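Participant: Supplied structure: run_3.cif, mmCIF, C-alpha atoms.
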```
data_run
loop_
_atom_site.label_atom_id
_atom_site.label_comp_id
_atom_site.auth_asym_id
_atom_site.auth_seq_id
_atom_site.Cartn_x
_atom_site.Cartn_y
_atom_site.Cartn_z
CA MET A 1 159.07 122.64 166.23
CA SER A 2 157.49 121.43 163.03
CA ALA A 3 160.89 121.26 161.32
CA ASP A 4 162.28 119.12 164.19
CA ARG A 5 159.31 116.75 163.90
CA ALA A 6 159.73 116.53 160.14
CA GLN A 7 163.38 115.59 160.63
CA ALA A 8 162.57 113.02 163.34
CA LYS A 9 160.02 111.11 161.28
CA PRO A 10 162.44 109.82 158.59
CA ASP A 11 164.96 108.83 161.30
CA ARG A 12 162.39 106.65 163.04
CA ASN A 13 161.35 105.11 159.74
CA GLN A 14 164.98 104.34 158.96
CA ALA A 15 165.34 102.69 162.35
CA VAL A 16 162.35 100.47 161.68
CA GLU A 17 163.66 99.63 158.21
CA ALA A 18 167.05 98.71 159.67
CA ALA A 19 165.32 96.51 162.25
CA LEU A 20 163.39 94.75 159.50
CA THR A 21 166.64 94.02 157.66
CA GLN A 22 168.12 92.57 160.85
CA THR A 23 165.11 90.28 161.21
CA VAL A 24 165.50 88.96 157.66
CA LEU A 25 169.17 88.20 158.30
CA HIS A 26 168.66 86.71 161.76
CA PRO A 27 171.59 84.28 162.27
CA ALA A 28 169.50 81.78 164.21
CA THR A 29 167.77 80.66 161.02
CA HIS A 30 169.86 81.78 158.09
CA GLY A 31 173.47 81.19 159.07
CA THR A 32 175.91 83.83 157.95
CA THR A 33 174.62 84.29 154.43
CA LYS A 34 173.92 87.93 153.68
CA SER A 35 170.75 88.52 151.68
CA SER A 36 167.79 90.86 151.59
CA ILE A 37 164.13 91.01 150.65
CA SER A 38 163.39 93.48 147.89
CA LEU A 39 160.42 95.81 147.99
CA ASP A 40 159.33 94.33 144.66
CA GLN A 41 159.11 90.90 146.28
CA LEU A 42 157.02 92.33 149.09
CA ALA A 43 154.86 94.26 146.63
CA GLU A 44 153.70 91.00 145.05
CA HIS A 45 151.49 90.49 148.11
CA ARG A 46 149.89 93.96 148.21
CA ASN A 47 146.48 92.53 147.31
CA ASP A 48 146.80 89.28 149.24
CA PRO A 49 143.88 89.26 151.74
CA SER A 50 145.37 86.53 153.94
CA ALA A 51 146.81 87.43 157.32
CA GLU A 52 150.31 86.64 156.09
CA GLY A 53 149.79 88.74 152.97
CA ARG A 54 148.63 91.68 155.06
CA LEU A 55 151.65 91.33 157.36
CA LEU A 56 153.97 91.34 154.36
CA GLU A 57 152.30 94.54 153.17
CA VAL A 58 153.12 96.08 156.57
CA TYR A 59 156.75 95.07 156.04
CA ARG A 60 156.70 96.62 152.56
CA LEU A 61 155.39 99.90 153.92
CA ILE A 62 158.09 99.86 156.59
CA GLY A 63 160.77 99.26 153.97
CA SER A 64 159.35 102.10 151.84
CA GLY A 65 159.58 104.50 154.78
CA GLU A 66 155.79 104.79 155.05
CA GLY A 67 155.64 104.39 158.80
CA HIS A 68 152.20 105.87 159.39
CA GLN A 69 150.55 103.69 156.74
CA ALA A 70 152.38 100.65 158.15
CA LEU A 71 151.07 101.49 161.61
CA ASP A 72 147.51 101.82 160.34
CA LYS A 73 147.71 98.51 158.47
CA ALA A 74 149.23 96.75 161.46
CA ARG A 75 146.56 98.13 163.78
CA GLN A 76 143.79 96.91 161.48
CA LEU A 77 145.42 93.49 161.14
CA THR A 78 145.66 93.00 164.89
CA GLN A 79 142.02 94.02 165.26
CA ASP A 80 140.89 91.60 162.54
CA VAL A 81 143.15 88.71 163.61
CA PRO A 82 143.78 89.33 167.33
CA ASN A 83 145.45 85.93 167.86
CA PHE A 84 148.18 86.59 165.25
CA GLN A 85 151.01 87.10 167.73
CA LEU A 86 153.65 88.02 165.15
CA ALA A 87 151.39 90.81 163.88
CA GLN A 88 150.95 92.00 167.47
CA LEU A 89 154.73 92.08 167.85
CA VAL A 90 155.20 94.15 164.69
CA TYR A 91 152.41 96.51 165.74
CA GLY A 92 154.10 96.96 169.12
CA ASP A 93 157.38 97.76 167.40
CA LEU A 94 155.72 100.39 165.23
CA LEU A 95 154.08 101.98 168.25
CA LEU A 96 157.39 102.06 170.09
CA ALA A 97 159.13 103.57 167.06
CA GLN A 98 156.89 106.61 167.34
CA THR A 99 158.58 107.62 170.61
CA ALA A 100 162.01 105.98 170.73
CA PRO A 101 164.66 104.47 168.44
CA LEU A 102 163.94 100.84 167.57
CA GLN A 103 167.01 98.65 168.05
CA HIS A 104 165.57 95.47 166.51
CA MET A 105 162.29 93.77 165.73
CA GLY A 106 160.56 92.53 168.85
CA ASN A 107 162.08 95.36 170.88
CA ALA A 108 160.04 94.54 173.97
CA PRO A 109 160.90 96.01 177.38
CA ASP A 110 163.49 94.04 179.34
CA THR A 111 160.90 93.13 181.96
CA LEU A 112 158.81 91.35 179.33
CA VAL A 113 161.78 89.81 177.54
CA SER A 114 162.98 88.22 180.79
CA LYS A 115 159.58 86.60 181.29
CA ALA A 116 159.29 85.05 177.84
CA PRO A 117 162.66 85.16 176.03
CA GLU A 118 162.03 81.87 174.20
CA ARG A 119 158.65 82.96 172.84
CA LEU A 120 160.05 86.28 171.64
CA GLU A 121 162.86 84.50 169.83
CA GLN A 122 160.35 82.10 168.27
CA LEU A 123 158.39 85.04 166.87
CA ARG A 124 161.54 86.52 165.39
CA VAL A 125 162.34 83.19 163.74
CA GLU A 126 158.78 82.97 162.42
CA ALA A 127 159.13 86.45 160.87
CA ASN A 128 162.40 85.38 159.29
CA ARG A 129 160.91 82.22 157.76
CA ARG A 130 157.89 84.06 156.34
CA LEU A 131 160.09 86.70 154.73
CA LEU A 132 162.63 84.24 153.37
CA ALA A 133 159.79 82.35 151.71
CA LEU A 134 159.44 85.43 149.47
CA GLN A 135 163.11 85.61 148.64
CA GLU A 136 163.54 81.89 147.99
CA ARG A 137 160.52 81.32 145.77
CA PRO A 138 160.55 78.16 143.63
CA PRO A 139 161.11 78.87 139.92
CA VAL A 140 157.89 79.53 138.02
CA GLY A 141 156.46 76.27 136.72
CA ALA A 142 158.95 74.11 138.63
CA ILE A 143 157.96 71.06 140.67
CA PRO A 144 159.71 69.04 143.41
CA THR A 145 161.87 66.21 142.07
CA GLN A 146 159.81 63.61 143.92
CA PHE A 147 156.82 64.03 141.60
CA ILE A 148 157.66 61.78 138.65
CA ASP A 149 154.17 61.00 137.36
CA LEU A 150 150.67 61.57 138.68
CA PRO A 151 147.43 60.41 137.01
CA ALA A 152 144.53 62.72 136.21
CA THR A 153 142.60 61.13 139.08
CA THR A 154 145.11 62.66 141.51
CA LYS A 155 143.76 66.20 141.69
CA HIS A 156 146.24 67.68 144.18
CA ALA A 157 149.67 67.08 145.67
CA ILE A 158 151.44 68.60 148.67
CA ALA A 159 155.11 69.21 149.40
CA VAL A 160 156.59 70.41 152.70
CA ASP A 161 160.01 72.06 152.96
CA ALA A 162 161.10 71.70 156.58
CA SER A 163 164.07 74.07 156.25
CA ARG A 164 161.80 76.88 155.08
CA SER A 165 158.76 76.11 157.28
CA ARG A 166 156.69 76.05 154.10
CA LEU A 167 153.92 73.89 152.66
CA TYR A 168 153.24 73.99 148.91
CA LEU A 169 149.89 72.95 147.41
CA PHE A 170 149.74 71.83 143.77
CA GLU A 171 146.78 71.30 141.49
CA ASN A 172 147.07 68.57 138.86
CA GLY A 173 145.38 69.73 135.66
CA PRO A 174 145.64 69.29 131.90
CA HIS A 175 149.10 70.89 131.91
CA GLY A 176 150.41 68.89 134.87
CA LEU A 177 151.18 70.11 138.36
CA GLN A 178 150.74 73.80 139.02
CA LEU A 179 151.60 75.52 142.29
CA VAL A 180 148.38 77.15 143.50
CA ALA A 181 149.17 78.09 147.13
CA ASP A 182 151.91 78.00 149.72
CA HIS A 183 151.68 78.51 153.46
CA TYR A 184 153.85 78.94 156.53
CA ALA A 185 153.95 75.65 158.47
CA SER A 186 155.34 74.37 161.77
CA ILE A 187 157.13 71.04 162.24
CA GLY A 188 158.52 69.00 165.16
CA LYS A 189 160.29 70.58 168.11
CA LEU A 190 163.52 68.76 167.28
CA GLY A 191 163.27 69.22 163.53
CA PRO A 192 162.86 66.68 160.71
CA GLU A 193 163.93 63.03 160.26
CA LYS A 194 161.70 61.14 162.65
CA SER A 195 163.00 57.69 163.62
CA THR A 196 161.42 56.66 166.92
CA GLN A 197 158.18 57.02 168.84
CA GLY A 198 158.07 60.27 170.84
CA ASP A 199 161.25 61.81 169.40
CA GLN A 200 159.39 65.06 168.58
CA ARG A 201 160.63 65.00 165.01
CA THR A 202 158.71 65.23 161.74
CA PRO A 203 159.23 62.34 159.30
CA ILE A 204 160.71 62.95 155.89
CA GLY A 205 159.56 60.87 152.95
CA VAL A 206 156.66 60.20 150.60
CA TYR A 207 153.27 59.76 152.25
CA TYR A 208 149.57 59.80 151.47
CA ILE A 209 146.64 61.44 153.22
CA THR A 210 144.60 58.56 154.64
CA SER A 211 141.48 60.32 155.95
CA ARG A 212 139.91 63.63 156.91
CA LEU A 213 139.07 64.54 160.51
CA ASP A 214 136.75 67.50 161.08
CA ALA A 215 136.87 69.81 164.09
CA ASN A 216 133.84 68.11 165.70
CA GLN A 217 135.87 64.88 165.87
CA LEU A 218 138.81 66.51 167.67
CA THR A 219 139.73 68.76 170.56
CA ASP A 220 140.42 72.46 170.03
CA PHE A 221 144.15 71.70 170.08
CA TYR A 222 143.91 70.59 166.42
CA GLY A 223 141.96 73.64 165.26
CA VAL A 224 139.64 73.21 162.27
CA GLY A 225 140.64 69.62 161.63
CA ALA A 226 143.35 67.21 160.54
CA LEU A 227 144.60 65.16 157.61
CA PRO A 228 146.35 62.00 158.90
CA LEU A 229 149.29 60.58 156.94
CA ASN A 230 150.35 56.95 156.46
CA TYR A 231 153.48 57.22 158.60
CA PRO A 232 155.21 54.87 159.06
CA ASN A 233 155.09 53.75 155.44
CA GLU A 234 156.65 50.51 154.23
CA TYR A 235 160.04 52.11 153.68
CA ASP A 236 159.98 53.54 157.21
CA ARG A 237 159.20 50.07 158.56
CA ARG A 238 162.03 48.59 156.53
CA MET A 239 164.35 51.15 158.14
CA GLY A 240 163.09 50.30 161.64
CA ARG A 241 161.33 53.61 162.22
CA THR A 242 158.58 53.71 164.81
CA GLY A 243 155.81 56.04 165.91
CA SER A 244 152.41 56.98 164.53
CA GLY A 245 149.82 59.76 164.47
CA ILE A 246 151.57 62.13 162.05
CA TRP A 247 148.98 64.60 160.77
CA LEU A 248 148.61 67.86 158.94
CA HIS A 249 146.44 69.83 161.38
CA GLY A 250 145.40 73.27 162.53
CA VAL A 251 146.14 75.21 165.72
CA PRO A 252 144.15 76.05 168.88
CA SER A 253 141.63 78.83 168.44
CA GLU A 254 143.61 81.08 170.78
CA SER A 255 146.53 81.09 168.33
CA TYR A 256 146.91 82.05 164.71
CA ALA A 257 150.11 80.08 164.09
CA ARG A 258 152.75 78.11 165.96
CA SER A 259 156.48 78.73 165.93
CA PRO A 260 158.52 76.96 163.22
CA GLN A 261 159.55 74.02 165.42
CA SER A 262 156.87 73.45 168.03
CA THR A 263 154.91 70.25 167.34
CA ASP A 264 155.43 66.68 168.49
CA GLY A 265 156.11 65.67 164.88
CA CYS A 266 153.04 66.79 162.97
CA VAL A 267 152.85 69.62 160.42
CA ALA A 268 150.67 72.47 161.75
CA LEU A 269 149.16 75.34 159.76
CA ALA A 270 147.02 78.36 160.52
CA ASN A 271 143.36 77.32 160.66
CA PRO A 272 142.16 79.35 157.63
CA GLU A 273 144.94 77.87 155.51
CA LEU A 274 144.39 74.30 156.64
CA LYS A 275 140.65 74.70 156.06
CA SER A 276 141.26 75.74 152.45
CA ILE A 277 143.46 72.67 151.94
CA MET A 278 140.94 70.32 153.56
CA GLU A 279 138.24 71.60 151.23
CA ARG A 280 140.33 70.73 148.17
CA VAL A 281 142.34 67.55 148.70
CA GLN A 282 141.08 63.98 148.67
CA PRO A 283 142.17 61.24 151.09
CA ARG A 284 143.91 58.16 149.65
CA THR A 285 144.90 59.82 146.35
CA THR A 286 146.73 62.95 147.60
CA PRO A 287 150.50 62.47 148.05
CA VAL A 288 152.42 64.48 150.64
CA VAL A 289 156.19 64.84 150.25
CA ILE A 290 158.05 66.05 153.35
CA ALA A 291 161.68 66.96 152.70
CA ARG A 292 164.42 68.55 154.72
CA SER A 293 164.86 70.86 151.74
CA LEU A 294 162.95 70.59 148.48
CA GLU A 295 164.78 70.44 145.16
CA TRP A 296 162.85 72.00 142.27
CA VAL A 297 163.09 71.06 138.60
CA GLU A 298 161.36 71.97 135.36
CA PRO A 299 158.66 69.41 134.47
CA GLN A 300 160.55 68.62 131.24
CA ALA A 301 163.46 67.35 133.35
CA GLN A 302 161.24 64.52 134.59
CA GLU A 303 160.55 63.17 131.10
CA THR A 304 163.57 60.85 130.96
CA PRO A 305 163.13 59.26 134.42
CA ARG A 306 159.38 59.04 133.73
CA ARG A 307 159.97 57.16 130.47
CA ASP A 308 162.55 54.84 132.06
CA LEU A 309 160.29 54.01 134.99
CA HIS A 310 157.30 53.42 132.73
CA ASN A 311 159.45 50.93 130.82
CA LEU A 312 160.42 49.25 134.09
CA LEU A 313 156.79 48.91 135.16
CA GLU A 314 155.79 47.69 131.71
CA GLY A 315 158.36 44.93 132.08
CA TRP A 316 156.81 43.95 135.41
CA ARG A 317 153.29 44.05 133.90
CA VAL A 318 154.26 41.79 131.00
CA ALA A 319 155.95 39.34 133.37
CA ARG A 320 152.90 39.35 135.64
CA ALA A 321 150.58 38.63 132.70
CA SER A 322 152.82 35.94 131.23
CA GLY A 323 152.36 33.46 134.05
CA ASP A 324 156.14 32.92 134.06
CA VAL A 325 156.91 33.00 137.80
CA ASN A 326 160.71 32.96 137.38
CA ARG A 327 160.51 35.94 135.07
CA LEU A 328 158.14 37.75 137.43
CA MET A 329 160.10 37.09 140.63
CA ALA A 330 163.23 38.59 139.05
CA PHE A 331 161.57 41.95 139.80
CA TYR A 332 161.33 41.20 143.54
CA SER A 333 163.90 41.67 146.29
CA ALA A 334 165.04 38.69 148.33
CA GLN A 335 164.14 40.88 151.33
CA PHE A 336 160.57 41.29 150.07
CA ALA A 337 157.84 41.39 152.71
CA SER A 338 154.09 41.98 152.49
CA GLY A 339 152.17 41.56 155.69
CA THR A 340 153.08 38.10 156.99
CA ARG A 341 154.49 36.94 153.63
CA ASP A 342 158.21 36.88 152.90
CA TYR A 343 159.83 36.34 149.50
CA ASN A 344 159.27 32.58 149.42
CA GLN A 345 155.65 32.82 150.55
CA TRP A 346 155.03 35.54 147.95
CA ARG A 347 156.52 33.29 145.27
CA GLN A 348 154.15 30.52 146.29
CA LEU A 349 151.22 32.92 145.97
CA MET A 350 152.39 33.98 142.50
CA GLU A 351 152.70 30.32 141.47
CA ARG A 352 149.11 29.66 142.53
CA GLU A 353 147.91 32.70 140.57
CA ALA A 354 150.04 31.98 137.49
CA GLY A 355 147.64 29.47 135.98
CA THR A 356 144.66 31.83 136.03
CA GLN A 357 146.71 34.86 134.99
CA LYS A 358 148.51 33.37 132.00
CA GLY A 359 147.26 34.67 128.69
CA ARG A 360 145.01 37.33 130.20
CA GLN A 361 145.61 40.96 129.43
CA LEU A 362 146.61 42.96 132.51
CA GLN A 363 146.24 46.73 132.65
CA LEU A 364 147.73 49.26 135.05
CA LYS A 365 145.27 52.09 135.52
CA ASP A 366 145.87 55.53 137.09
CA LEU A 367 149.59 54.95 137.52
CA SER A 368 151.35 57.16 140.08
CA ILE A 369 155.15 57.24 140.48
CA LEU A 370 156.82 59.13 143.33
CA ALA A 371 160.57 59.05 143.94
CA TRP A 372 162.48 59.45 147.18
CA ARG A 373 166.18 59.53 147.96
CA ASP A 374 167.17 58.81 151.56
CA ARG A 375 169.87 56.32 152.46
CA SER A 376 168.98 54.74 149.13
CA ASP A 377 166.71 55.39 146.15
CA VAL A 378 163.05 54.48 146.65
CA LEU A 379 159.99 54.48 144.37
CA VAL A 380 156.41 54.57 145.62
CA VAL A 381 154.21 53.22 142.81
CA THR A 382 150.40 53.10 143.00
CA PHE A 383 148.02 51.75 140.37
CA GLY A 384 144.76 49.98 139.73
CA GLU A 385 145.31 46.40 138.52
CA LEU A 386 142.65 45.33 136.01
CA ASN A 387 142.33 42.02 134.22
CA GLU A 388 140.85 41.76 130.76
CA GLY A 389 137.12 42.48 130.77
CA GLU A 390 137.13 44.07 134.22
CA ARG A 391 135.97 47.64 134.81
CA THR A 392 137.40 47.88 138.31
CA GLY A 393 140.17 46.14 140.17
CA ALA A 394 142.35 46.20 143.24
CA ILE A 395 144.34 49.36 144.04
CA LYS A 396 147.90 48.28 144.68
CA ARG A 397 150.97 50.02 146.02
CA GLN A 398 154.54 48.91 145.49
CA TYR A 399 157.76 50.10 147.09
CA TRP A 400 160.87 49.67 144.96
CA GLY A 401 164.48 50.04 146.10
CA LYS A 402 167.85 49.90 144.36
CA GLU A 403 169.88 46.70 144.89
CA GLY A 404 173.13 46.36 143.01
CA GLY A 405 172.01 49.19 140.74
CA LEU A 406 168.75 47.43 139.81
CA TRP A 407 165.24 48.30 140.91
CA LYS A 408 163.61 45.59 143.06
CA ILE A 409 160.18 45.46 144.72
CA PHE A 410 160.46 45.10 148.49
CA PHE A 411 156.75 45.56 149.27
CA GLU A 412 153.51 45.09 147.38
CA GLY A 413 150.00 45.22 148.77
CA VAL A 414 146.39 46.19 148.22
CA ILE A 415 145.37 49.55 149.74
CA GLY A 416 142.02 50.99 150.71
#
```
Please express what this file holds, its structure, as structure tokens.
Facilitator:
Amino acid sequence: MSADRAQAKPDRNQAVEAALTQTVLHPATHGTTKSSISLDQLAEHRNDPSAEGRLLEVYRLIGSGEGHQALDKARQLTQDVPNFQLAQLVYGDLLLAQTAPLQHMGNAPDTLVSKAPERLEQLRVEANRRLLALQERPPVGAIPTQFIDLPATTKHAIAVDASRSRLYLFENGPHGLQLVADHYASIGKLGPEKSTQGDQRTPIGVYYITSRLDANQLTDFYGVGALPLNYPNEYDRRMGRTGSGIWLHGVPSESYARSPQSTDGCVALANPELKSIMERVQPRTTPVVIARSLEWVEPQAQETPRRDLHNLLEGWRVARASGDVNRLMAFYSAQFASGTRDYNQWRQLMEREAGTQKGRQLQLKDLSILAWRDRSDVLVVTFGELNEGERTGAIKRQYWGKEGGLWKIFFEGVIG
């Protein structure tokens, strides 16, 4: 009897391990590409106290054939975080594997599957995205291409990769941007690339956090709070995009996380993870890049575009300080618009200011340059504009676009 049991235990563990592999390669989210998560990748999270880290440790134990330890860890996780539905699913699989072969992850009885097939599939996709985030880690020290230059006053930056259901938090220190955390995130029901009000898509582009909303200002639907974004930005408006109310926010208290595509366009995170972000980032100065798929580069690769764009902005600064309106307006698009002012009205404003500006030294303080490539190349440039002798000045934001291969300003305005 004991020999039969000893033989049965490895078989059940192998079945669970095979089911885990099937989850990682689930065709609904990863096409036909064959790949796998190594135990070394999973082992990196052995001491991660977060709910996701503990779930990954359960997966590692499964892959190592340590079924009993995996079961114990899963049981404890579901007790500590009872609203973590994916953990409940894995725990159920491990319980089932003790008595019967496990065909695949989420091997619920047919009676339950028939009642909630969509939710079960969503949990499988969630498991896939969390695991793939381990396999497809950004290179150490790399940053998204959109971050060209950030001033020391910008303490943090955020990037969201819609294809991987992942949010990356960066800290801006003496050595530049450093990745300090990344979290599973949910986006719109119909995916990225928002264009119209109510289309249930998440916008892609370069945005800024505009404010902070605490839980006592919101309903439980938003969890511990929200960080609204400035969608639609000026480029979105130029492209005719509509809608509003795009936030980074939490989830209802009854849930730990939402499925990868389940919001009306916002980016939703688990409450503990959003809370940690809200405690760190600052409204107005924190950029948020949302991309269909992030492209990562070494910081050194940004040196050439950074230098070229600094030269471009220096040319604009000199023209602005010179009082030469013709020289200055050469930097502006004929399709320029700022509030109610078009190109001609903006030129008139610059002519009125030229007399007082001429001969005065103009400084650009806390310069931020973010790049975006959509249907065309776009720059989002933010800076403080200070005249000689001033300690403070207006905070301005410009949007630049390529026209005939040349950068032109199509929006400029004071923010805050």
Participant: In terms of the shortest atom-to-atom distance over only C-alpha atoms, which of A:Leu131, A:Ala162, A:Ala181, A:Ala257 is closest to Leu86 (chain A)?
Facilitator: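 Of the candidates, the smallest distance to Leu86 (chain A) is held by A:Ala257.
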Participant: Could you tell me, as an mmCIF file with C-alpha atoms, in the frame of the given file, exactly which residues end up selected when the PyMOL selection byres ((chain A and resi 149) around 8) is applied to this structure?
Facilitator:
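Writing the result to part20.cif gives the following:
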```
data_model
loop_
_atom_site.group_PDB
_atom_site.id
_atom_site.type_symbol
_atom_site.label_atom_id
_atom_site.label_comp_id
_atom_site.auth_asym_id
_atom_site.auth_seq_id
_atom_site.Cartn_x
_atom_site.Cartn_y
_atom_site.Cartn_z
ATOM 1 C CA PHE A 147 156.820 64.030 141.600
ATOM 2 C CA ILE A 148 157.660 61.780 138.650
ATOM 3 C CA LEU A 150 150.670 61.570 138.680
ATOM 4 C CA PRO A 151 147.430 60.410 137.010
ATOM 5 C CA ARG A 306 159.380 59.040 133.730
ATOM 6 C CA LEU A 367 149.590 54.950 137.520
ATOM 7 C CA SER A 368 151.350 57.160 140.080
ATOM 8 C CA ILE A 369 155.150 57.240 140.480
ATOM 9 C CA LEU A 370 156.820 59.130 143.330
#
```
Participant: With all atoms listed in the file as the atoms that count, which of A:Gly245, A:Gly92, A:Gly250, A:Gly188 lies nearest to Ile209 (chain A)?
Facilitator: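 Distance minimum relative to Ile209 (chain A) lands on A:Gly245.
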Participant: Given only C-alpha atoms as the basis, pick out the residue of A:Ala321, A:Leu229, A:Met239, A:Val378 nearest to Lys408 (chain A).
Facilitator: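 Going through A:Ala321, A:Leu229, A:Met239, A:Val378 one by one, the smallest distance to Lys408 (chain A) is for A:Val378.
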Participant: Take the PyMOL selection byres ((chain A and resi 263) around 6), run it mentally on this structure, and tell me the resulting residues as a list in words.
Facilitator: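 Expected selection for the PyMOL selection byres ((chain A and resi 263) around 6) here is Ile187, Gly188, Lys189, Ser262, Asp264, Gly265 and Cys266 of chain A.
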Participant: Applying the PyMOL selection byres ((chain A and resi 379-395) around 8) to the file I just gave you, which residues come out? Please list them as a PyMOL selection string.
Facilitator: chain A and resi 206+360-372+377-378+396-401+414-416
Participant: Counting only C-alpha atoms, which residues sit no farther than 12 Å from the position (164.6, 61.3, 164.2) in the file's frame? I'd like them as a VMD selection string.
Facilitator: chain A and resid 188 to 204 236 239 to 243 264 to 265 292
Participant: Extract, using all atoms listed in the file, all DNA, RNA and protein residues at most 10 Å from Ala159 (chain A), discarding same-chain residues fewer than 5 positions from it, and format them as a list of chain:residue names.
Facilitator: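 Close residues of Ala159 (chain A): A:Ile143, A:Pro144, A:Gln146, A:Phe147, A:Arg166, A:Leu167, A:Tyr168, A:Leu169, A:Phe170, A:Asp182, A:Val206, A:Pro287, A:Val288, A:Val289, A:Ile290, A:Ala291, A:Leu294.
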Participant: Taking into account all atoms listed in the file, which residue in the set A:Asp342, A:Glu279, A:Leu328, A:Trp407 is nearest to Leu312 (chain A)?
Facilitator: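 Among A:Asp342, A:Glu279, A:Leu328, A:Trp407, it is A:Trp407 that comes nearest to Leu312 (chain A).
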Participant: Ranking A:Arg375, A:Arg352, A:Arg280, A:Arg60 by minimum distance to His156 (chain A) and counting all atoms listed in the file, which one comes first?
Facilitator: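 Counting all atoms listed in the file, the residue closest to His156 (chain A) is A:Arg280.
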Participant: Give the answer as one residue: which of A:Glu121, A:Leu134, A:Gly205, A:Gln69 has the shortest atom-to-atom distance to Ser293 (chain A), using all atoms listed in the file?
Facilitator: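 Smallest distance to Ser293 (chain A) is found for A:Gly205.
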Participant: So which residues touch Leu123 (chain A) within 10 Å, counting all atoms listed in the file, skipping near sequence neighbours fewer than 3 positions away, as a PyMOL selection string?
Facilitator: chain A and resi 85-87+89-90+105-106+118-120+126-129+258-260
Participant: Report, in Å with one decimal, the straight-line distance from CA of Asp374 (chain A) to CA of Tyr235 (chain A).
Facilitator: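 Those two atoms sit 10.0 Å apart.
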Participant: List the spatial neighbours of Leu55 (chain A) as number ranges by chain - criterion: any atom at most 10 Å away, all atoms listed in the file, same-chain residues fewer than 2 positions off excluded.
Facilitator: A: 42, 45-46, 48-53, 57-61, 70, 73-74, 77-78, 84, 86-87, 90-91, 127, 130-131
Participant: Distance CA of Ser253 (chain A)-CA of Ala215 (chain A), one decimal place?
Facilitator: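 Rounded to one decimal, the two atoms are 11.1 Å apart.
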